[in-house]
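Engineer: One structure is given below, represented as structure tokens, and several questions about it will come after.
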Amino acid sequence: MDFSLTPEQHAFRERVRAWLSANMPEEWTRRLMASSDIPRPEAYDLLREWQRKLYDAGFIGLTWPKEYGGGGMTFMEEMILHQEMALAKAPPILNVLGVGMAGPTIIAYGTEEQKKRYPAKILSCEEIWCQGYSEPNAGSDLAALQTRAVKDGEFWVVNGQKVWTSLAHVADFMMLLARTDPDAPKHKGITYFLLDMKLPGVTVKPLRQLTGDAEFNEVFFDNVRIHVSQVLGGVNNGWAVGLTTLMYERLALGFGLQVRLRIGLDGLIELGRRMEKTGRVIVKDAVMRQKIAQLWIDTECLKLTGARAITRLLRGEMPGPEASTGKMVWVETHQRLQELAMEIQGPYAQLLRGSDWAVEGGLWQHSFLRSRANSIEGGTTEIQKNIIAERLLGLPKG
Ligand SMILES: Cc1cc2nc3c(=O)[nH]c(=O)nc-3n(C[C@H](O)[C@H](O)[C@H](O)COP(=O)(O)OP(=O)(O)OC[C@H]3O[C@@H](n4cnc5c(N)ncnc54)[C@H](O)[C@@H]3O)c2cc1C
């Protein structure tokens with residue numbers, strides 16, 4: 001990949017930098033920063049507003065076509081934007097599944113009507129999306145899903161259950177995979193629907209996680225009637241459409257979250273500069289210095305791996321199985337970073353939010369606990385390894 005910038009790209013970088021320095025939400029900088037974490041419920045309003053501001057300024061959906069609300073730019077500008085966000089320690093966006101997955105998939109497979117209807121509202125955060133894939137008996141083996149959709153005139157009638165559905169409690173729409181032909185081989189009888197979460201018969205029940213937050217949910221469908229116009233990419237073609245979403249998910253996780261990783265690492269170094277062990281600041285400890293340096297190296301490698309995936313996109317190709325590499329390495333690096341944050345705090349690591357003595361209000365403790373889910377969400381590390389082995393290295397199936 002050629003990293004040199006054209007004069008226009010330099011000018012774009014200056015514009016982003018100036019905008020970020022004038023528009024960073026003060027409350028975020030004051031209270032919520034210092035962690036590389038996924039949005040917490042108490043920050044939802046702030047993040048909704050932040051995403052709206054990004055949209056109004058044209059700093060989101062840069063690569064999406066202009067006619068569907070995007071910026072019509074290349075992945076070089078997208079990369080510049082991400083780098084500047086990391087430098088400014090900018091907040092994440094709230095509609096992360098919409099922007100990272102639903103939007104690109106709708107643009108790739110949608111009818112003209114769908115492409116005019118959904119992407120712009122995803123970018124502006126007017127409509128939040130969730131992903132209805134996993135079920136109690138279908139996670140890694142997603143094609144085993146059993147939620148059924150049966151045709152009834154102009155409608156599909158959906159019955160079944162999803163689980164671990166992030167953001168369903170605030171979502172307006174769901175990327176829903178349901179079985180539409182039970183007699184076809186399991187990968188072939190699935191359809192991808194754009195489901196309005198306000199339809200009668202949709203019930204959302206929050207599930208509490210290790211962190212104490214309820215960030216994901218169970219979702220039940222009881223005779224939910226979805227209009228035929230809400231099928232994306234054709235009936236019984238849901239496996240191909242759904243896989244496109246997953247590739248974008250891994251790309252977004254591996255590349256986009258690399259930015260959050262960098263912000264987390266900068267925060268960790270600051271933490272190490274402030275915390276002391278036996279009268280010496282942590283960053284003077286030789287072993288700690290090595291661990292921090294290794295994290296920095298790994299973060300840079302991840303950035304370059306992300307750039308490799310971007311080269312593919314710049315050539316006009318879809319994200320491929322190499323996105324799994326980025327996701328897997330991000331997970332390992334992020335979990336190690338969070339573990340180091342606990343090590344730096346020593347005995348203080350045991351104090352959670354709510355304790356007067358918790359370091360930085362217990363933010364790191366929350367991030368550490370949340371990071372345990374990274375190797376499960378978006379496809380487990382074992383599954384990423386299978387994809388890398390079979391589809392990148394050409395090894396025989398296990
Ligand atoms: C925080 C979080 C958020 C999530 N958000 C969403 C969401 O928004 N939408 C959604 O649809 N899902 C979501 N998920 C679900 C997630 O995608 C699944 O948990 C994941 O795919 C694993 O499926 P499972 O939990 O059924 O585990 P299983 O598939 O039952 O796996 C259990 C264990 O077996 C291993 N395993 C399974 N098959 C193989 C194999 N072939 N080879 C080697 N090892 C194997 C797995 O790696 C794992 O360790 C979320 C999960 C988490 C933790």
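The way I read the labels, and the way they are meant: chains A, B, ... in the order of the structure tokens, residue 1 as the first residue of every chain, and ligand 1 as the first ligand shown, with later ones counted on from there.
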Near Ile263 of chain A, counting only C-alpha atoms, which residues have an atom at most 7 Å away, once you skip same-chain residues fewer than 2 positions from it, shown as a list in words?
Structural biologist: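 Near neighbours after the sequence-gap exclusion: Ser36, Ala86, Lys89, Val259, Arg260, Leu261, Leu265, Asp266 and Gly267 of chain A.
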Engineer: Those same residues - C-alpha atoms - I'd like them written as a CSV table (one decimal), in the first residue's frame.
Structural biologist:
chain,number,residue,atom,x,y,z
A,36,SER,CA,-10.8,1.8,24.6
A,86,ALA,CA,-7.2,8.2,17.4
A,89,LYS,CA,-9.1,10.5,21.4
A,259,VAL,CA,-8.1,3.1,16.6
A,260,ARG,CA,-9.8,2.5,20.0
A,261,LEU,CA,-6.8,0.2,20.8
A,265,LEU,CA,-2.7,2.3,24.7
A,266,ASP,CA,-2.1,6.0,25.1
A,267,GLY,CA,-4.3,6.0,28.2
Engineer: Using only C-alpha atoms, I'd like a table of the residues in segment 199-303 of chain A that come within 12 Å of segment 360-373 of chain A; for each, show the closest atom pair and its distance in Å rounded to one decimal, ordered by chain and ascending number, as JSON lines.
Structural biologist:
{"residue": "A:Arg208", "atom": "CA", "partner": "A:Arg370", "partner_atom": "CA", "distance": 11.8}
{"residue": "A:Gln209", "atom": "CA", "partner": "A:Arg370", "partner_atom": "CA", "distance": 8.4}
{"residue": "A:Leu210", "atom": "CA", "partner": "A:Leu369", "partner_atom": "CA", "distance": 6.5}
{"residue": "A:Thr211", "atom": "CA", "partner": "A:Leu369", "partner_atom": "CA", "distance": 5.8}
{"residue": "A:Gly212", "atom": "CA", "partner": "A:His366", "partner_atom": "CA", "distance": 8.9}
{"residue": "A:Asp213", "atom": "CA", "partner": "A:Arg370", "partner_atom": "CA", "distance": 9.5}
{"residue": "A:Ala214", "atom": "CA", "partner": "A:Arg370", "partner_atom": "CA", "distance": 11.5}
{"residue": "A:Glu215", "atom": "CA", "partner": "A:Arg370", "partner_atom": "CA", "distance": 10.3}
{"residue": "A:Phe216", "atom": "CA", "partner": "A:Ala373", "partner_atom": "CA", "distance": 11.6}
{"residue": "A:Arg260", "atom": "CA", "partner": "A:Ser367", "partner_atom": "CA", "distance": 11.7}
{"residue": "A:Leu261", "atom": "CA", "partner": "A:Ser371", "partner_atom": "CA", "distance": 11.4}
{"residue": "A:Gly264", "atom": "CA", "partner": "A:Trp364", "partner_atom": "CA", "distance": 9.5}
{"residue": "A:Leu265", "atom": "CA", "partner": "A:Trp364", "partner_atom": "CA", "distance": 11.7}
{"residue": "A:Gly267", "atom": "CA", "partner": "A:Trp364", "partner_atom": "CA", "distance": 9.7}
{"residue": "A:Leu268", "atom": "CA", "partner": "A:Trp364", "partner_atom": "CA", "distance": 9.1}
{"residue": "A:Glu270", "atom": "CA", "partner": "A:Glu360", "partner_atom": "CA", "distance": 11.3}
{"residue": "A:Leu271", "atom": "CA", "partner": "A:Glu360", "partner_atom": "CA", "distance": 9.0}
{"residue": "A:Arg274", "atom": "CA", "partner": "A:Glu360", "partner_atom": "CA", "distance": 11.0}
{"residue": "A:Met275", "atom": "CA", "partner": "A:Glu360", "partner_atom": "CA", "distance": 11.1}
Engineer: Return as a Markdown table the residues of chain A lying at most 10 Å from ligand 1, together with the closest atom-to-atom pair for each and the distance in Å to one decimal, counting only C-alpha atoms and all ligand atoms, with rows in chain order and ascending residue number.
Structural biologist:
| residue | atom | partner | partner_atom_place_in_ligand_line | distance |
| --- | --- | --- | --- | --- |
| A:Ile38 | CA | ligand 1 | 1 (C) | 9.7 |
| A:Leu97 | CA | ligand 1 | 8 (O) | 7.8 |
| A:Trp129 | CA | ligand 1 | 8 (O) | 9.4 |
| A:Cys130 | CA | ligand 1 | 8 (O) | 5.9 |
| A:Gln131 | CA | ligand 1 | 9 (N) | 4.4 |
| A:Gly132 | CA | ligand 1 | 11 (O) | 4.5 |
| A:Tyr133 | CA | ligand 1 | 11 (O) | 3.4 |
| A:Ser134 | CA | ligand 1 | 11 (O) | 3.7 |
| A:Glu135 | CA | ligand 1 | 26 (O) | 6.9 |
| A:Pro136 | CA | ligand 1 | 26 (O) | 6.4 |
| A:Asn137 | CA | ligand 1 | 26 (O) | 6.3 |
| A:Ala138 | CA | ligand 1 | 26 (O) | 5.4 |
| A:Gly139 | CA | ligand 1 | 23 (O) | 3.2 |
| A:Ser140 | CA | ligand 1 | 29 (O) | 3.6 |
| A:Asp141 | CA | ligand 1 | 29 (O) | 5.9 |
| A:Leu142 | CA | ligand 1 | 21 (O) | 7.5 |
| A:Lys162 | CA | ligand 1 | 11 (O) | 7.1 |
| A:Val163 | CA | ligand 1 | 12 (N) | 6.6 |
| A:Trp164 | CA | ligand 1 | 13 (C) | 4.6 |
| A:Thr165 | CA | ligand 1 | 8 (O) | 3.9 |
| A:Ser166 | CA | ligand 1 | 8 (O) | 3.8 |
| A:Leu167 | CA | ligand 1 | 8 (O) | 6.9 |
| A:Ala168 | CA | ligand 1 | 8 (O) | 7.8 |
| A:Met174 | CA | ligand 1 | 9 (N) | 9.4 |
| A:Met175 | CA | ligand 1 | 11 (O) | 8.9 |
| A:Leu176 | CA | ligand 1 | 11 (O) | 8.6 |
| A:Leu177 | CA | ligand 1 | 11 (O) | 9.0 |
| A:Gln209 | CA | ligand 1 | 1 (C) | 8.0 |
| A:Leu210 | CA | ligand 1 | 1 (C) | 9.7 |
| A:Ala214 | CA | ligand 1 | 1 (C) | 9.9 |
| A:Glu215 | CA | ligand 1 | 1 (C) | 7.5 |
| A:Phe216 | CA | ligand 1 | 3 (C) | 6.2 |
| A:Asn217 | CA | ligand 1 | 8 (O) | 8.4 |
| A:Glu218 | CA | ligand 1 | 9 (N) | 9.8 |
| A:Leu246 | CA | ligand 1 | 17 (O) | 9.8 |
| A:Arg370 | CA | ligand 1 | 1 (C) | 7.6 |
| A:Ser371 | CA | ligand 1 | 1 (C) | 8.7 |
| A:Arg372 | CA | ligand 1 | 53 (C) | 8.2 |
| A:Ala373 | CA | ligand 1 | 53 (C) | 4.5 |
| A:Asn374 | CA | ligand 1 | 53 (C) | 6.7 |
| A:Ser375 | CA | ligand 1 | 53 (C) | 7.7 |
| A:Ile376 | CA | ligand 1 | 53 (C) | 4.9 |
| A:Glu377 | CA | ligand 1 | 51 (C) | 3.8 |
| A:Gly378 | CA | ligand 1 | 17 (O) | 4.8 |
| A:Gly379 | CA | ligand 1 | 21 (O) | 4.3 |
| A:Thr380 | CA | ligand 1 | 47 (O) | 4.7 |
| A:Thr381 | CA | ligand 1 | 47 (O) | 6.1 |
| A:Glu382 | CA | ligand 1 | 47 (O) | 4.4 |
| A:Ile383 | CA | ligand 1 | 47 (O) | 5.7 |
| A:Gln384 | CA | ligand 1 | 47 (O) | 8.7 |
| A:Lys385 | CA | ligand 1 | 43 (C) | 8.2 |
| A:Asn386 | CA | ligand 1 | 42 (N) | 6.6 |
| A:Ile387 | CA | ligand 1 | 42 (N) | 9.8 |
| A:Lys397 | CA | ligand 1 | 41 (N) | 9.7 |
| A:Gly398 | CA | ligand 1 | 42 (N) | 7.7 |
Engineer: For Met247 of chain A, find every residue with an atom within 8 Å (counting only C-alpha atoms), except residues of its own chain fewer than 5 positions away, and show them as an MDAnalysis selection string.
Structural biologist: chainID A and resid 319:321 323:324
Engineer: Do you know which residues are at most 7 Å from segment 178-195 of chain A counting only C-alpha atoms, after dropping those on the same chain fewer than 6 positions away, and could you put them as a list in words?
Structural biologist: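 Using only C-alpha atoms, the neighbours found are Ala143, Ala144, Gln146, Thr147, Arg148, Ala149, Val150, Ile226, Gln230, Val231, Leu232, Val235, Asn236, Asn237, Gly238, Trp239, Val241 and Gly242 of chain A.
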Engineer: Generate a file of the selected residues that holds N, CA, C and O atoms, formatted as a short mmCIF file (atom, residue, chain, number, x, y, z; two decimals), in the first residue's frame.
Structural biologist:
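Heads up, here's the output in selection.cif:
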data_model
loop_
_atom_site.label_atom_id
_atom_site.label_comp_id
_atom_site.auth_asym_id
_atom_site.auth_seq_id
_atom_site.Cartn_x
_atom_site.Cartn_y
_atom_site.Cartn_z
N ALA A 143 -25.38 -21.51 10.41
CA ALA A 143 -26.32 -22.06 9.42
C ALA A 143 -27.35 -23.00 10.06
O ALA A 143 -28.33 -23.39 9.42
N ALA A 144 -27.15 -23.33 11.35
CA ALA A 144 -28.12 -24.20 12.04
C ALA A 144 -29.31 -23.40 12.57
O ALA A 144 -30.18 -23.96 13.25
N GLN A 146 -32.74 -21.60 13.51
CA GLN A 146 -34.07 -22.21 13.41
C GLN A 146 -35.21 -21.22 13.39
O GLN A 146 -36.38 -21.63 13.27
N THR A 147 -34.92 -19.94 13.55
CA THR A 147 -36.01 -18.95 13.44
C THR A 147 -36.63 -19.10 12.06
O THR A 147 -35.92 -19.08 11.06
N ARG A 148 -37.98 -19.26 12.03
CA ARG A 148 -38.66 -19.59 10.77
C ARG A 148 -39.40 -18.38 10.21
O ARG A 148 -39.96 -17.59 10.96
N ALA A 149 -39.39 -18.24 8.89
CA ALA A 149 -40.24 -17.24 8.24
C ALA A 149 -41.06 -17.97 7.19
O ALA A 149 -40.51 -18.67 6.33
N VAL A 150 -42.39 -17.85 7.29
CA VAL A 150 -43.30 -18.55 6.37
C VAL A 150 -44.08 -17.52 5.58
O VAL A 150 -44.62 -16.56 6.16
N ILE A 226 -43.53 -9.49 8.39
CA ILE A 226 -42.59 -8.61 7.68
C ILE A 226 -43.01 -8.53 6.21
O ILE A 226 -43.20 -9.56 5.56
N GLN A 230 -39.08 -6.13 2.48
CA GLN A 230 -38.00 -6.05 3.46
C GLN A 230 -36.97 -7.18 3.32
O GLN A 230 -36.08 -7.32 4.15
N VAL A 231 -37.12 -7.99 2.28
CA VAL A 231 -36.09 -9.02 2.02
C VAL A 231 -34.89 -8.31 1.39
O VAL A 231 -35.05 -7.46 0.53
N LEU A 232 -33.68 -8.66 1.84
CA LEU A 232 -32.48 -8.07 1.25
C LEU A 232 -31.72 -9.15 0.46
O LEU A 232 -31.37 -10.20 1.00
N VAL A 235 -34.82 -14.02 -1.84
CA VAL A 235 -35.28 -15.10 -0.95
C VAL A 235 -34.31 -16.29 -1.07
O VAL A 235 -33.85 -16.63 -2.17
N ASN A 236 -34.00 -16.89 0.05
CA ASN A 236 -33.09 -18.06 0.16
C ASN A 236 -31.64 -17.74 -0.23
O ASN A 236 -30.84 -18.64 -0.43
N ASN A 237 -31.32 -16.44 -0.31
CA ASN A 237 -29.93 -16.04 -0.61
C ASN A 237 -29.27 -15.43 0.63
O ASN A 237 -28.24 -14.76 0.55
N GLY A 238 -29.87 -15.67 1.79
CA GLY A 238 -29.43 -15.01 3.02
C GLY A 238 -28.04 -15.40 3.47
O GLY A 238 -27.36 -14.62 4.15
N TRP A 239 -27.58 -16.58 3.10
CA TRP A 239 -26.25 -17.00 3.56
C TRP A 239 -25.18 -16.11 2.92
O TRP A 239 -24.29 -15.60 3.61
N VAL A 241 -25.60 -13.09 1.62
CA VAL A 241 -25.75 -11.71 2.11
C VAL A 241 -25.21 -11.61 3.53
O VAL A 241 -24.47 -10.69 3.89
N GLY A 242 -25.57 -12.60 4.36
CA GLY A 242 -25.14 -12.60 5.76
C GLY A 242 -23.63 -12.69 5.91
O GLY A 242 -23.04 -12.05 6.78
#
Engineer: Quick one: pull the distance between atom CA of Gln51 of chain A and atom CA of Pro91 of chain A, Å, one decimal.
Structural biologist: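 Separation of atom CA of Gln51 of chain A and atom CA of Pro91 of chain A: 9.2 Å.
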Engineer: May I have all residues of segment 139-332 of chain A that DSSP, computed from the backbone, assigns to strand (DSSP E), given as JSON, numbers by chain?
Structural biologist: {"A": [148, 149, 150, 151, 152, 155, 156, 157, 158, 159, 160, 161, 162, 173, 174, 175, 176, 177, 178, 179, 190, 191, 192, 193, 194, 195, 196, 202, 203, 204, 205, 206, 207, 216, 217, 218, 219, 220, 221, 222, 223, 224, 225, 226, 227, 231, 232, 276, 277, 280, 281]}
Engineer: Those same residues, written as a short mmCIF file (atom, residue, chain, number, x, y, z; two decimals), in the first residue's frame with N, CA and C atoms?
Structural biologist:
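The result, stored in out.cif:
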data_model
loop_
_atom_site.label_atom_id
_atom_site.label_comp_id
_atom_site.auth_asym_id
_atom_site.auth_seq_id
_atom_site.Cartn_x
_atom_site.Cartn_y
_atom_site.Cartn_z
N ARG A 148 -37.98 -19.26 12.03
CA ARG A 148 -38.66 -19.59 10.77
C ARG A 148 -39.40 -18.38 10.21
N ALA A 149 -39.39 -18.24 8.89
CA ALA A 149 -40.24 -17.24 8.24
C ALA A 149 -41.06 -17.97 7.19
N VAL A 150 -42.39 -17.85 7.29
CA VAL A 150 -43.30 -18.55 6.37
C VAL A 150 -44.08 -17.52 5.58
N LYS A 151 -44.13 -17.71 4.27
CA LYS A 151 -44.79 -16.72 3.39
C LYS A 151 -46.30 -16.78 3.58
N ASP A 152 -46.90 -15.56 3.69
CA ASP A 152 -48.36 -15.48 3.76
C ASP A 152 -48.76 -14.26 2.92
N PHE A 155 -46.64 -10.99 2.93
CA PHE A 155 -45.85 -10.93 4.17
C PHE A 155 -45.11 -12.24 4.43
N TRP A 156 -44.04 -12.13 5.23
CA TRP A 156 -43.39 -13.30 5.81
C TRP A 156 -43.73 -13.28 7.30
N VAL A 157 -44.16 -14.42 7.82
CA VAL A 157 -44.53 -14.49 9.23
C VAL A 157 -43.39 -15.18 9.99
N VAL A 158 -42.82 -14.44 10.95
CA VAL A 158 -41.60 -14.91 11.62
C VAL A 158 -41.90 -15.38 13.04
N ASN A 159 -41.35 -16.57 13.39
CA ASN A 159 -41.42 -17.09 14.74
C ASN A 159 -40.06 -17.65 15.13
N GLY A 160 -39.68 -17.41 16.40
CA GLY A 160 -38.39 -17.95 16.85
C GLY A 160 -37.73 -17.03 17.85
N GLN A 161 -36.41 -17.25 18.03
CA GLN A 161 -35.69 -16.48 19.05
C GLN A 161 -34.25 -16.23 18.65
N LYS A 162 -33.77 -15.04 18.94
CA LYS A 162 -32.35 -14.70 18.81
C LYS A 162 -31.79 -14.47 20.21
N PHE A 173 -34.03 -1.10 13.89
CA PHE A 173 -34.06 -2.15 12.88
C PHE A 173 -33.09 -3.26 13.23
N MET A 174 -33.38 -4.44 12.66
CA MET A 174 -32.49 -5.60 12.88
C MET A 174 -32.13 -6.22 11.53
N MET A 175 -30.86 -6.63 11.39
CA MET A 175 -30.46 -7.49 10.27
C MET A 175 -30.84 -8.90 10.72
N LEU A 176 -31.91 -9.42 10.16
CA LEU A 176 -32.45 -10.69 10.65
C LEU A 176 -32.19 -11.82 9.65
N LEU A 177 -31.61 -12.91 10.14
CA LEU A 177 -31.51 -14.12 9.33
C LEU A 177 -32.57 -15.11 9.80
N ALA A 178 -33.38 -15.59 8.85
CA ALA A 178 -34.42 -16.57 9.22
C ALA A 178 -34.50 -17.65 8.15
N ARG A 179 -34.95 -18.84 8.59
CA ARG A 179 -35.05 -19.98 7.66
C ARG A 179 -36.35 -19.88 6.87
N ILE A 190 -31.97 -19.93 3.77
CA ILE A 190 -31.99 -18.80 4.73
C ILE A 190 -32.22 -17.49 3.96
N THR A 191 -33.00 -16.57 4.56
CA THR A 191 -33.22 -15.26 3.93
C THR A 191 -32.85 -14.14 4.91
N TYR A 192 -32.34 -13.06 4.35
CA TYR A 192 -31.89 -11.90 5.13
C TYR A 192 -33.02 -10.86 5.07
N PHE A 193 -33.54 -10.47 6.24
CA PHE A 193 -34.63 -9.49 6.31
C PHE A 193 -34.16 -8.20 7.00
N LEU A 194 -34.77 -7.09 6.60
CA LEU A 194 -34.58 -5.82 7.29
C LEU A 194 -35.81 -5.66 8.18
N LEU A 195 -35.65 -5.96 9.45
CA LEU A 195 -36.81 -6.04 10.36
C LEU A 195 -36.99 -4.76 11.16
N ASP A 196 -38.20 -4.23 11.12
CA ASP A 196 -38.56 -3.07 11.94
C ASP A 196 -38.82 -3.59 13.36
N VAL A 202 -42.56 -8.47 18.38
CA VAL A 202 -41.12 -8.46 18.69
C VAL A 202 -40.97 -8.10 20.17
N THR A 203 -40.32 -8.99 20.94
CA THR A 203 -40.10 -8.72 22.37
C THR A 203 -38.60 -8.77 22.66
N VAL A 204 -38.12 -7.73 23.35
CA VAL A 204 -36.68 -7.64 23.67
C VAL A 204 -36.50 -7.78 25.17
N LYS A 205 -35.63 -8.73 25.57
CA LYS A 205 -35.37 -8.91 27.01
C LYS A 205 -33.88 -8.77 27.27
N PRO A 206 -33.47 -7.73 27.99
CA PRO A 206 -32.03 -7.51 28.23
C PRO A 206 -31.38 -8.64 29.02
N LEU A 207 -30.10 -8.89 28.73
CA LEU A 207 -29.30 -9.87 29.47
C LEU A 207 -28.14 -9.12 30.12
N PHE A 216 -26.48 -6.53 25.72
CA PHE A 216 -27.12 -7.38 24.71
C PHE A 216 -28.40 -8.01 25.26
N ASN A 217 -29.12 -8.73 24.40
CA ASN A 217 -30.51 -9.09 24.72
C ASN A 217 -30.90 -10.44 24.12
N GLU A 218 -32.02 -10.96 24.65
CA GLU A 218 -32.75 -12.00 23.94
C GLU A 218 -33.84 -11.28 23.13
N VAL A 219 -34.12 -11.76 21.93
CA VAL A 219 -35.21 -11.17 21.13
C VAL A 219 -36.13 -12.30 20.69
N PHE A 220 -37.42 -12.15 20.98
CA PHE A 220 -38.41 -13.19 20.64
C PHE A 220 -39.32 -12.69 19.52
N PHE A 221 -39.66 -13.59 18.59
CA PHE A 221 -40.57 -13.24 17.49
C PHE A 221 -41.81 -14.12 17.60
N ASP A 222 -42.96 -13.46 17.71
CA ASP A 222 -44.20 -14.20 17.85
C ASP A 222 -45.15 -13.74 16.72
N ASN A 223 -45.17 -14.52 15.64
CA ASN A 223 -46.00 -14.17 14.47
C ASN A 223 -45.76 -12.74 13.98
N VAL A 224 -44.50 -12.39 13.83
CA VAL A 224 -44.14 -11.05 13.35
C VAL A 224 -44.31 -11.03 11.83
N ARG A 225 -45.08 -10.06 11.33
CA ARG A 225 -45.37 -10.01 9.88
C ARG A 225 -44.47 -8.98 9.21
N ILE A 226 -43.53 -9.49 8.39
CA ILE A 226 -42.59 -8.61 7.68
C ILE A 226 -43.01 -8.53 6.21
N HIS A 227 -43.12 -7.32 5.71
CA HIS A 227 -43.53 -7.14 4.31
C HIS A 227 -42.45 -7.69 3.37
N VAL A 231 -37.12 -7.99 2.28
CA VAL A 231 -36.09 -9.02 2.02
C VAL A 231 -34.89 -8.31 1.39
N LEU A 232 -33.68 -8.66 1.84
CA LEU A 232 -32.48 -8.07 1.25
C LEU A 232 -31.72 -9.15 0.46
N GLU A 276 2.53 4.34 40.91
CA GLU A 276 3.87 4.02 41.41
C GLU A 276 3.91 2.62 42.03
N LYS A 277 5.10 2.01 41.95
CA LYS A 277 5.31 0.73 42.64
C LYS A 277 6.64 0.88 43.39
N ARG A 280 8.54 4.12 42.75
CA ARG A 280 8.98 4.50 41.40
C ARG A 280 7.81 4.43 40.44
N VAL A 281 7.71 5.42 39.52
CA VAL A 281 6.59 5.33 38.58
C VAL A 281 6.74 4.07 37.72
#
Engineer: Quick one: everything within 12 Å of Gln294 of chain A, counting only C-alpha atoms, minus sequence neighbours fewer than 4 positions away in the same chain. Send it as a PyMOL selection string.
Structural biologist: chain A and resi 265+287-290+298-301+333+336-337+340
Engineer: Using only C-alpha atoms, which residues sit within 10 Å of Gly316 of chain A once same-chain residues fewer than 5 positions away are excluded, as a list in words?
Structural biologist: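 So, after excluding close chain neighbours, the residues are Thr74, Ile310 and Thr311 of chain A.
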Engineer: Per DSSP on the backbone, filter segment 97-247 of chain A down to the residues in helix (DSSP H, G or I) and report them as a ChimeraX atom specification.
Structural biologist: /A:97-109,112-117,119-123,142-144,228-230,238-247
Engineer: Just to confirm, what's the straight-line distance from atom CA of Thr29 of chain A to atom CA of Ala90 of chain A in Å (one decimal)?
Structural biologist: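 Calculated distance between atom CA of Thr29 of chain A and atom CA of Ala90 of chain A is 8.3 Å.
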Engineer: Atom CA of Trp330 of chain A to atom CA of Pro25 of chain A: how many Å, to one decimal?
Structural biologist: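 For atom CA of Trp330 of chain A relative to atom CA of Pro25 of chain A, the distance reads 26.9 Å.
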Engineer: If we count only C-alpha atoms and set the cut-off at 12 Å, which residues sit around Leu5 of chain A, ignoring sequence neighbours fewer than 3 positions away in its own chain? Please answer as a VMD selection string.
Structural biologist: chain A and resid 1 to 2 8 to 13 76 to 77 79 to 80
